[in-house]
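File shown: query-v9.csv (CSV, C-alpha atoms).
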chain,number,residue,atom,x,y,z
T,29,MET,CA,0.0,0.0,0.0
T,30,ARG,CA,2.9,2.3,0.8
T,31,ALA,CA,4.7,1.8,-2.5
T,32,PRO,CA,1.8,3.1,-4.7
T,33,ALA,CA,1.5,6.2,-2.6
T,34,ILE,CA,5.3,7.0,-3.0
T,35,LEU,CA,5.1,6.2,-6.7
T,36,LEU,CA,2.1,8.6,-7.0
T,37,PHE,CA,3.9,11.3,-5.1
T,38,ALA,CA,7.0,11.0,-7.3
T,39,LEU,CA,4.9,11.1,-10.5
T,40,ALA,CA,3.2,14.2,-9.3
T,41,ALA,CA,6.5,15.9,-8.5
T,42,VAL,CA,7.9,15.1,-12.0
T,43,VAL,CA,4.8,16.4,-13.7
T,44,SER,CA,4.9,19.6,-11.6
T,45,LEU,CA,8.6,20.2,-12.4
T,46,GLY,CA,7.8,19.7,-16.1
T,47,ALA,CA,5.0,22.2,-16.0
T,48,GLN,CA,7.2,24.7,-14.3
T,49,ALA,CA,10.0,24.2,-16.9
T,50,GLN,CA,7.5,24.9,-19.7
T,51,ALA,CA,6.0,28.1,-18.1
T,52,PRO,CA,6.9,31.1,-20.2
T,53,ALA,CA,9.6,33.4,-18.7
T,54,PRO,CA,8.5,36.8,-17.7
T,55,ALA,CA,8.8,39.4,-20.5
T,56,GLN,CA,12.1,41.3,-20.5
T,57,GLY,CA,11.4,45.0,-20.7
T,58,ASN,CA,12.9,47.3,-23.2
T,59,ALA,CA,13.0,50.9,-22.2
T,60,GLU,CA,13.5,52.2,-25.7
T,61,ALA,CA,10.4,50.3,-26.9
T,62,GLY,CA,8.6,51.6,-23.7
T,63,LYS,CA,9.2,55.2,-24.7
T,64,ASN,CA,6.8,54.7,-27.6
T,65,LYS,CA,4.2,53.0,-25.5
T,66,VAL,CA,3.7,55.6,-22.7
T,67,TYR,CA,1.7,58.1,-24.6
T,68,GLN,CA,-1.5,57.3,-22.7
T,69,CYS,CA,0.3,57.2,-19.3
T,70,GLN,CA,1.7,60.7,-19.8
T,71,GLY,CA,-1.7,62.3,-19.7
T,72,CYS,CA,-1.8,61.8,-15.9
T,73,HIS,CA,1.5,60.4,-14.7
T,74,GLY,CA,3.6,62.8,-16.8
T,75,ILE,CA,2.2,66.0,-15.4
T,76,PRO,CA,4.1,67.2,-12.3
T,77,ASP,CA,1.9,67.4,-9.2
T,78,TRP,CA,-1.2,66.4,-11.2
T,79,LYS,CA,-4.3,65.8,-9.2
T,80,THR,CA,-7.3,64.1,-10.6
T,81,ALA,CA,-10.9,64.6,-9.5
T,82,PHE,CA,-12.4,61.2,-10.3
T,83,PRO,CA,-13.6,59.4,-8.3
T,84,GLU,CA,-12.1,61.6,-5.7
T,85,VAL,CA,-9.4,64.3,-5.6
T,86,TYR,CA,-5.9,62.7,-5.1
T,87,ARG,CA,-2.4,63.2,-6.4
T,88,VAL,CA,-1.6,60.9,-9.3
T,89,PRO,CA,1.4,58.6,-8.4
T,90,LYS,CA,4.8,59.3,-10.0
T,91,LEU,CA,6.0,56.4,-12.1
T,92,GLY,CA,9.6,57.6,-12.9
T,93,GLY,CA,12.1,55.7,-10.7
T,94,GLN,CA,9.7,53.0,-9.6
T,95,LYS,CA,10.9,49.4,-9.7
T,96,PRO,CA,9.9,47.8,-12.9
T,97,ALA,CA,8.6,44.6,-11.1
T,98,TYR,CA,6.3,46.8,-9.0
T,99,ILE,CA,4.9,48.6,-12.1
T,100,VAL,CA,4.3,45.3,-13.9
T,101,ALA,CA,2.6,43.8,-10.9
T,102,ALA,CA,0.4,46.9,-10.5
T,103,LEU,CA,-0.5,46.9,-14.2
T,104,ARG,CA,-1.4,43.2,-14.1
T,105,ALA,CA,-3.5,43.8,-11.0
T,106,TYR,CA,-5.5,46.5,-12.8
T,107,LYS,CA,-5.9,44.3,-15.8
T,108,SER,CA,-7.2,41.4,-13.7
T,109,GLY,CA,-9.5,43.6,-11.6
T,110,GLU,CA,-7.6,42.8,-8.4
T,111,ARG,CA,-7.0,46.6,-8.2
T,112,ASP,CA,-10.3,48.4,-8.8
T,113,PHE,CA,-9.9,51.6,-10.8
T,114,ALA,CA,-11.9,51.9,-13.9
T,115,THR,CA,-9.6,54.3,-15.8
T,116,MET,CA,-6.5,52.2,-15.2
T,117,ARG,CA,-8.4,49.0,-16.1
T,118,ALA,CA,-9.4,50.5,-19.4
T,119,MET,CA,-5.9,51.7,-20.1
T,120,VAL,CA,-4.3,48.2,-19.5
T,121,GLY,CA,-7.1,46.1,-21.0
T,122,ASN,CA,-5.3,45.6,-24.3
T,123,MET,CA,-1.8,45.6,-23.0
T,124,SER,CA,0.3,42.5,-23.5
T,125,ASP,CA,2.8,41.3,-21.0
T,126,GLN,CA,5.5,42.7,-23.3
T,127,ASP,CA,3.9,46.1,-23.4
T,128,MET,CA,3.8,46.1,-19.6
T,129,ALA,CA,7.4,45.1,-19.3
T,130,ASP,CA,8.5,47.8,-21.8
T,131,ILE,CA,6.6,50.5,-20.0
T,132,ALA,CA,7.9,49.4,-16.7
T,133,ALA,CA,11.5,49.4,-18.0
T,134,TYR,CA,11.0,52.9,-19.4
T,135,TYR,CA,9.7,54.3,-16.1
T,136,GLY,CA,12.2,52.3,-14.0
T,137,ALA,CA,15.1,53.9,-15.9
T,138,GLU,CA,14.0,57.4,-15.0
T,139,GLN,CA,15.3,59.2,-11.9
T,140,PRO,CA,12.6,59.4,-9.1
T,141,GLN,CA,11.2,62.8,-8.5
T,142,LEU,CA,9.7,64.0,-5.3
T,143,ALA,CA,6.3,65.8,-5.4
T,144,ALA,CA,6.1,69.3,-4.0
T,145,LYS,CA,4.4,69.4,-0.6
T,146,ASP,CA,1.2,71.5,-0.3
T,147,ASP,CA,1.0,74.2,2.3
T,148,ASP,CA,-1.8,72.9,4.6
T,149,ARG,CA,-3.3,76.3,4.9
T,150,THR,CA,-3.2,77.7,1.4
T,151,GLY,CA,-2.7,74.8,-0.9
T,152,ALA,CA,0.4,76.6,-2.3
T,153,LYS,CA,3.5,74.6,-3.2
T,154,LYS,CA,6.3,74.8,-0.6

Would you write the structure of this file as structure tokens?
Amino acid sequence: MRAPAILLFALAAVVSLGAQAQAPAPAQGNAEAGKNKVYQCQGCHGIPDWKTAFPEVYRVPKLGGQKPAYIVAALRAYKSGERDFATMRAMVGNMSDQDMADIAAYYGAEQPQLAAKDDDRTGAKK
């Protein structure tokens, strides 16, 4: 009785390793290709200190200098619906994994920029 269980376990392990070996490698990003794919992103993420008013007022996150793996993970989460933001979901709906990797490589190659702080009393930039 014990031998069939061990044999079954060994077979499952071999099948699992084979499936992992055949899984596609993550797309390698190309910053130069990404430069030609960020046109939609620039409308919000390319404007310094941009604030949007839908669905609420908030400062749009900076993408320059972010880690490419983080950007890809965020884009995939928007595409799958794990992150719920209609505008971003529409933007990434037709993106391939390669598009996401290229965009992430482009923004990851930029130097990070700190946003200006608002004066709590007047809203003026410090």

Review point. For Cys72 of chain T, which residue among T:Thr115, T:Ser108, T:Asn122, T:Gln139 is the nearest when counting only C-alpha atoms?
Key: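 Nearest candidate to Cys72 of chain T out of T:Thr115, T:Ser108, T:Asn122, T:Gln139: T:Thr115.
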
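With all atoms listed in the file as the atoms that count, the residue of T:Ala137, T:Ala129, T:Lys63, T:Asp112 with the shortest distance to Val100 of chain T is T:Ala129.
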
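The shortest atom-to-atom distance to Gln56 of chain T, with only C-alpha atoms taken into account, belongs to T:Ala97 out of T:Ala81, T:Cys69, T:Ala118, T:Ala97.
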
Practice item. Record the distance separating atom CA of Ala133 of chain T and atom CA of Lys79 of chain T, expressed in Å with one decimal. Key: 24.4 Å

Review point. How many Å separate atom CA of Gly93 of chain T from atom CA of Gln126 of chain T?
Key: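 We find that atom CA of Gly93 of chain T and atom CA of Gln126 of chain T lie 19.3 Å from each other.
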
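Distances here use only C-alpha atoms; by that measure, the residue among T:Val66, T:Pro76, T:Glu84, T:Leu91 closest to Val120 of chain T is T:Val66.
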
Review point. What gap, in Å, lies between atom CA of Ala105 of chain T and atom CA of Ala55 of chain T?
Key: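 Between atom CA of Ala105 of chain T and atom CA of Ala55 of chain T the gap is 16.2 Å.
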